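Visitor: So that you have it, the file is query.txt, and it contains compact mmCIF, C-alpha atoms:
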```txt
# COMPACT_ATOMS: atom_id res chain seq x y z
CA MET A 1 206.06 38.51 50.94
CA PRO A 2 208.48 36.21 52.84
CA ALA A 3 211.52 37.42 54.73
CA ILE A 4 213.57 34.21 54.29
CA GLY A 5 213.48 32.45 50.91
CA ASN A 6 212.60 33.79 47.50
CA ALA A 7 208.98 33.77 46.37
CA GLY A 8 206.00 36.05 45.94
CA LEU A 9 206.61 39.76 45.74
CA LYS A 10 210.36 39.34 46.27
CA MET A 11 210.57 37.70 42.85
CA VAL A 12 208.23 40.19 41.17
CA MET A 13 210.16 43.18 42.49
CA HIS A 14 213.52 41.64 41.54
CA VAL A 15 212.44 41.24 37.90
CA LEU A 16 210.28 44.34 37.46
CA GLY A 17 212.01 46.64 39.94
CA THR A 18 210.48 50.08 40.42
CA LYS A 19 207.71 49.34 37.93
CA VAL A 20 206.00 47.42 40.75
CA ILE A 21 203.40 48.97 43.05
CA PRO A 22 203.41 46.23 45.73
CA VAL A 23 200.32 45.36 47.76
CA PRO A 24 201.24 42.29 49.84
CA SER A 25 198.44 39.91 50.79
CA LEU A 26 200.38 38.37 53.68
CA LEU A 27 203.73 38.78 55.42
CA LEU A 28 205.69 35.67 56.40
CA THR A 29 208.96 35.00 58.20
CA GLY A 30 209.84 32.47 55.48
CA ILE A 31 208.56 30.53 52.47
CA GLY A 32 206.19 27.63 53.02
CA SER A 33 208.85 24.91 52.85
CA ILE A 34 210.60 26.24 55.97
CA LYS A 35 209.52 24.68 59.28
CA GLY A 36 208.31 27.03 61.98
CA ILE A 37 207.45 30.02 59.80
CA LYS A 38 205.05 32.62 61.15
CA LYS A 39 202.38 34.46 59.19
CA TYR A 40 201.22 38.03 59.82
CA GLU A 41 198.01 39.48 58.46
CA ILE A 42 197.85 43.00 57.07
CA PRO A 43 194.88 45.33 56.34
CA PHE A 44 194.78 44.12 52.76
CA LYS A 45 191.40 45.54 51.72
CA ASP A 46 192.21 49.07 52.90
CA LEU A 47 195.75 48.95 51.55
CA LEU A 48 194.59 47.83 48.11
CA LYS A 49 191.72 50.30 47.84
CA ASN A 50 193.67 53.32 49.03
CA THR A 51 196.57 52.48 46.72
CA LEU A 52 194.16 52.41 43.79
CA ILE A 53 192.61 55.71 44.90
CA LEU A 54 196.04 57.38 44.73
CA LEU A 55 196.69 55.87 41.31
CA ARG A 56 193.35 57.08 39.99
CA GLU A 57 194.01 60.58 41.30
CA ALA A 58 197.36 60.53 39.49
CA ASN A 59 195.66 59.43 36.22
CA GLU A 60 197.80 56.29 36.08
CA LYS A 61 197.07 53.23 33.92
CA ILE A 62 198.05 49.91 35.45
CA ILE A 63 198.38 46.17 34.91
CA VAL A 64 197.02 44.19 37.85
CA TYR A 65 198.85 40.98 38.71
CA VAL A 66 197.37 38.78 41.45
CA GLY A 67 199.34 35.92 42.99
CA TYR A 68 199.14 34.15 46.36
CA LEU A 69 196.21 35.17 48.56
CA GLY A 70 195.76 34.50 52.25
CA ASP A 71 192.00 33.99 52.45
CA ALA A 72 188.82 33.87 50.41
CA GLU A 73 187.70 37.36 51.43
CA GLN A 74 190.76 38.90 49.78
CA ILE A 75 189.51 37.56 46.45
CA ASN A 76 186.19 39.33 47.00
CA SER A 77 188.04 42.56 47.83
CA ILE A 78 190.08 42.36 44.63
CA ARG A 79 187.05 41.70 42.47
CA ASP A 80 185.23 44.68 44.02
CA CYS A 81 188.25 46.90 43.34
CA LEU A 82 188.55 45.71 39.74
CA GLN A 83 184.99 46.88 39.19
CA GLU A 84 185.35 50.17 41.09
CA PHE A 85 188.68 51.15 39.52
CA GLY A 86 188.19 49.67 36.08
CA SER A 87 188.87 53.01 34.42
CA ILE A 88 192.59 52.84 35.29
CA ILE A 89 193.11 49.08 34.77
CA ASP A 90 194.39 48.04 31.34
CA PHE A 91 194.89 44.31 31.97
CA VAL A 92 194.40 41.72 34.72
CA VAL A 93 196.73 38.73 35.14
CA VAL A 94 195.95 36.13 37.81
CA ASP A 95 198.04 33.24 39.08
CA PRO A 96 195.50 31.23 41.11
CA VAL A 97 197.95 29.77 43.63
CA CYS A 98 196.12 26.90 45.33
CA GLY A 99 197.91 23.59 44.73
CA ASP A 100 200.58 21.51 43.04
CA HIS A 101 201.59 17.89 42.45
CA GLY A 102 197.97 16.73 42.51
CA ARG A 103 196.94 18.25 45.84
CA ALA A 104 195.52 21.48 47.22
CA TYR A 105 197.36 23.53 49.82
CA VAL A 106 194.74 26.20 50.47
CA SER A 107 191.17 25.99 51.76
CA SER A 108 188.23 24.95 49.60
CA GLU A 109 186.76 28.43 50.16
CA ILE A 110 189.78 30.06 48.50
CA ILE A 111 189.57 27.64 45.56
CA ALA A 112 185.85 28.34 45.12
CA ASN A 113 186.36 32.12 45.23
CA TRP A 114 189.25 32.02 42.77
CA GLY A 115 186.74 31.15 40.07
CA GLU A 116 184.96 34.46 40.64
CA LEU A 117 188.19 36.36 40.04
CA ILE A 118 189.36 34.29 37.07
CA ALA A 119 186.07 35.02 35.33
CA VAL A 120 186.85 38.75 35.23
CA SER A 121 190.57 38.44 34.42
CA ASP A 122 192.26 38.68 31.03
CA LEU A 123 194.94 36.01 31.50
CA CYS A 124 195.21 33.10 33.94
CA LEU A 125 198.47 31.26 34.78
CA PRO A 126 197.62 28.04 36.66
CA ASN A 127 199.67 24.87 36.83
CA ILE A 128 197.88 21.67 35.81
CA THR A 129 196.94 20.79 39.40
CA GLU A 130 195.28 24.18 39.74
CA VAL A 131 193.45 23.65 36.45
CA ALA A 132 192.04 20.42 37.91
CA LEU A 133 191.19 22.06 41.25
CA LEU A 134 189.40 24.97 39.63
CA THR A 135 187.28 22.66 37.46
CA GLY A 136 186.40 20.17 40.21
CA ASN A 137 188.56 17.36 38.81
CA ILE A 138 191.06 16.90 41.64
CA SER A 139 189.56 13.78 43.28
CA ASP A 140 190.79 11.55 40.46
CA PHE A 141 193.79 13.67 39.42
CA ASP A 142 195.90 12.05 36.73
CA ILE A 143 198.59 13.94 34.81
CA GLU A 144 197.67 11.86 31.76
CA GLN A 145 194.28 13.62 31.78
CA SER A 146 195.77 17.10 31.38
CA GLU A 147 194.02 17.81 28.09
CA ARG A 148 190.64 16.94 29.61
CA TYR A 149 191.25 19.32 32.52
CA ILE A 150 192.30 22.08 30.13
CA ARG A 151 189.16 21.60 28.01
CA ALA A 152 187.03 21.82 31.15
CA PHE A 153 188.78 25.05 32.15
CA THR A 154 188.35 26.76 28.78
CA SER A 155 184.70 25.75 28.75
CA LYS A 156 184.13 27.16 32.25
CA PHE A 157 186.09 30.39 31.71
CA GLU A 158 185.37 31.18 28.08
CA ASN A 159 186.50 34.82 28.19
CA THR A 160 189.83 34.29 29.96
CA ARG A 161 193.02 33.42 28.11
CA LEU A 162 194.73 30.40 29.63
CA LEU A 163 198.44 29.75 30.00
CA VAL A 164 199.10 26.46 31.78
CA THR A 165 202.56 26.38 33.32
CA SER A 166 205.07 23.54 33.65
CA VAL A 167 203.07 20.53 32.47
CA ASP A 168 205.25 17.48 33.12
CA GLU A 169 205.78 15.58 29.89
CA GLY A 170 208.61 13.23 30.79
CA GLN A 171 211.94 14.79 29.89
CA HIS A 172 210.39 18.19 29.33
CA LEU A 173 208.19 20.72 31.09
CA THR A 174 205.74 22.35 28.71
CA ASN A 175 203.97 25.69 28.95
CA LYS A 176 200.71 25.78 26.99
CA LEU A 177 199.01 28.98 25.80
CA LEU A 178 195.46 28.73 24.47
CA GLU A 179 194.39 31.66 22.31
CA LYS A 180 190.91 31.18 20.87
CA SER A 181 191.30 28.13 18.64
CA ALA A 182 195.13 28.23 18.60
CA LEU A 183 197.52 26.36 20.91
CA TYR A 184 201.10 27.51 21.45
CA GLU A 185 203.57 25.34 23.36
CA SER A 186 207.07 25.93 24.67
CA ASN A 187 209.10 22.94 25.82
CA HIS A 188 211.97 23.21 28.28
CA GLU A 189 214.34 20.49 29.38
CA LYS A 190 213.43 19.32 32.86
CA VAL A 191 215.97 20.14 35.56
CA PRO A 192 216.22 17.66 38.49
CA LYS A 193 215.47 20.23 41.18
CA ASN A 194 212.35 21.99 42.46
CA TYR A 195 212.53 25.47 43.91
CA GLY A 196 209.73 27.40 45.54
CA GLY A 197 209.11 30.69 43.79
CA SER A 198 209.78 29.46 40.26
CA GLY A 199 206.15 30.14 39.29
CA ASP A 200 206.42 33.69 40.64
CA ALA A 201 209.60 34.19 38.64
CA PHE A 202 207.95 32.85 35.48
CA ALA A 203 204.99 35.23 35.84
CA SER A 204 207.30 38.18 36.46
CA TYR A 205 209.44 37.45 33.42
CA LEU A 206 206.30 36.94 31.33
CA ILE A 207 204.91 40.31 32.36
CA ASP A 208 208.21 42.05 31.59
CA PHE A 209 208.69 40.38 28.20
CA HIS A 210 205.08 40.89 27.07
CA PHE A 211 204.04 44.25 28.49
CA PHE A 212 207.33 46.13 28.75
CA GLN A 213 209.50 44.53 26.06
CA LYS A 214 206.44 44.22 23.77
CA MET A 215 206.88 40.58 22.79
CA PRO A 216 203.89 38.54 21.57
CA LEU A 217 202.53 36.50 24.46
CA SER A 218 203.60 33.18 22.92
CA ARG A 219 207.20 34.39 22.57
CA ALA A 220 207.17 35.93 26.05
CA MET A 221 206.02 32.54 27.40
CA GLU A 222 208.93 30.76 25.72
CA HIS A 223 211.52 33.24 26.98
CA ALA A 224 210.07 33.29 30.51
CA GLY A 225 210.28 29.50 30.72
CA GLU A 226 213.87 29.52 29.53
CA MET A 227 214.82 32.22 32.04
CA VAL A 228 213.44 30.14 34.91
CA ARG A 229 215.26 27.03 33.68
CA LYS A 230 218.55 28.94 33.61
CA ASP A 231 217.86 30.40 37.07
CA ILE A 232 217.32 26.90 38.47
CA ILE A 233 220.59 25.66 36.94
CA PHE A 234 222.40 28.76 38.28
CA SER A 235 221.00 28.14 41.77
CA MET A 236 222.00 24.48 41.66
CA GLU A 237 225.54 25.32 40.56
CA LYS A 238 225.84 27.77 43.46
CA SER A 239 224.38 25.18 45.89
CA GLU A 240 221.78 27.73 46.91
CA PRO A 241 218.91 26.50 49.14
CA PHE A 242 216.53 28.99 47.50
CA LEU A 243 215.95 30.03 43.90
CA MET A 244 218.34 32.80 42.89
CA LEU A 245 217.64 34.95 39.85
CA ARG A 246 220.62 35.70 37.65
CA GLY A 247 219.73 39.22 36.60
CA LYS A 248 217.54 41.22 34.28
CA SER A 249 215.04 39.48 32.03
CA SER A 250 217.05 39.04 28.86
CA ILE A 251 217.94 35.83 27.03
```
Is it possible to give me this structure as structure tokens?
Guide:
Amino acid sequence: MPAIGNAGLKMVMHVLGTKVIPVPSLLLTGIGSIKGIKKYEIPFKDLLKNTLILLREANEKIIVYVGYLGDAEQINSIRDCLQEFGSIIDFVVVDPVCGDHGRAYVSSEIIANWGELIAVSDLCLPNITEVALLTGNISDFDIEQSERYIRAFTSKFENTRLLVTSVDEGQHLTNKLLEKSALYESNHEKVPKNYGGSGDAFASYLIDFHFFQKMPLSRAMEHAGEMVRKDIIFSMEKSEPFLMLRGKSSI
């Protein structure tokens, strides 16, 4: 959760509001693109477990969404909690934040441990760099080899549904959802601006459209992508340095 800039839990809470039960993995003075930011650790394991204890005592049913994590041990803590509190967990969505644009920006230990968590999740939302990282194909990364990386991922994580976000295909960015033997794609016109937090916004919109507005996942994917595109255009028109969300998740 950053103080300055819009990413992580700030985006999730903006879209989903009071539906969110936030358990931050790390506190930061700003998003990663800001020079001189400071990071502050929190007692993540205890905070997560004791939150889940309260939810179990209240007979709640929850969707678990996991995004950016600060270290490899946090992944182990989450996996342990998924097993211990499985009776109250209806669905697990993971966004294995670990790289972009053909390079990793977290440690190899985090990347290795992400595989352990993906294997017990229901839906995974990596970008194509993360697909390559998680399948050991980053050393010769080539965007033209996207389909090969995706096949390697689905072979490695057979029981996890895969939604690859923002695959660069020239004039368009494409989201790809693989459901058993079916492939669903949504294409969105590329906007000439990159904003940190757009992946967090996409995941938040997807969760709202699919779980709360009851859209099929393929349709939720399409609408989430279009919402992010419109948010980027809105932010550009306002000359905002950070991604600004326009409002509630409706097209």
Visitor: Neighbours of stretch 202-208 of chain A within 7 Å (all atoms listed in the file; same-chain residues fewer than 3 positions away dropped), as a PyMOL selection string?
Guide: chain A and resi 12+15-16+198-199+211-213+220-221+224-225+228+249
Visitor: What gap, in Å, lies between atom CA of A:Asn127 and atom CA of A:Phe209?
Guide: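 Taking atom CA of A:Asn127 and atom CA of A:Phe209, their separation equals 19.9 Å.
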Visitor: Show me, as a ChimeraX atom specification, the residues that have an atom within 9 Å of stretch 75-92 of chain A when counting only C-alpha atoms, minus same-chain residues fewer than 5 positions from it.
Guide: /A:44-45,48-49,52-53,55-56,59-66,69,110,113-114,116-117,120-124
Visitor: Env of stretch 157-162 of chain A: 12 Å cut, atoms = only C-alpha atoms, seq-sep filter 4 positions within chain, self excluded. Answer as a PyMOL selection string.
Guide: chain A and resi 91-96+114-128+130-131+134-135+149-153+175-185+217-218+221
Visitor: Between A:Leu163, A:Tyr195, A:Gln74, A:Ile143, which residue has the minimum interatomic distance to A:Leu47, considering all atoms listed in the file?
Guide: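 Looking at the shortest contact to A:Leu47, the residue is A:Gln74.
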Visitor: Quick one: everything within 10 Å of A:Ile4, counting all atoms listed in the file, minus sequence neighbours fewer than 4 positions away in the same chain. Send it as a ChimeraX atom specification.
Guide: /A:28-32,34,37,242
Visitor: Go through A:Asn137, A:Thr154, A:Arg229, A:Lys214 one by one, measure the shortest atom-to-atom distance of each to A:Thr174 using only C-alpha atoms, and give the residue with the smallest value.
Guide: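 Selected residue with least distance to A:Thr174: A:Arg229.
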Visitor: Which polymer residues, protein or nucleic acid, are no farther than 12 Å from (220.7, 24.9, 36.4), counting all atoms listed in the file, as a list in words?
Guide: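 Final list of nearby residues, as requested, is Glu189, Lys190, Val191, Pro192, Lys193, Asn194, Tyr195, Glu226, Met227, Val228, Arg229, Lys230, Asp231, Ile232, Ile233, Phe234, Ser235, Met236, Glu237, Lys238, Ser239, Glu240, Leu243, Met244, Leu245 and Arg246 of chain A.
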Visitor: How would you write as a ChimeraX atom specification the residues that get within 12 Å of (206.4, 40.0, 45.7) in the file's frame, counting only C-alpha atoms?
Guide: /A:1-3,5-17,20-28,31,65-69,197,199-201,203-204
Visitor: Would you mind listing what lies within 8 Å of A:Ile138 as a count of residues only, with all atoms listed in the file counted and same-chain residues fewer than 4 positions away left out?
Guide: 5
Visitor: Taking only C-alpha atoms into account, which of A:Glu109, A:Val97, A:His188, A:Arg148 comes nearest A:Ser166?
Guide: A:His188
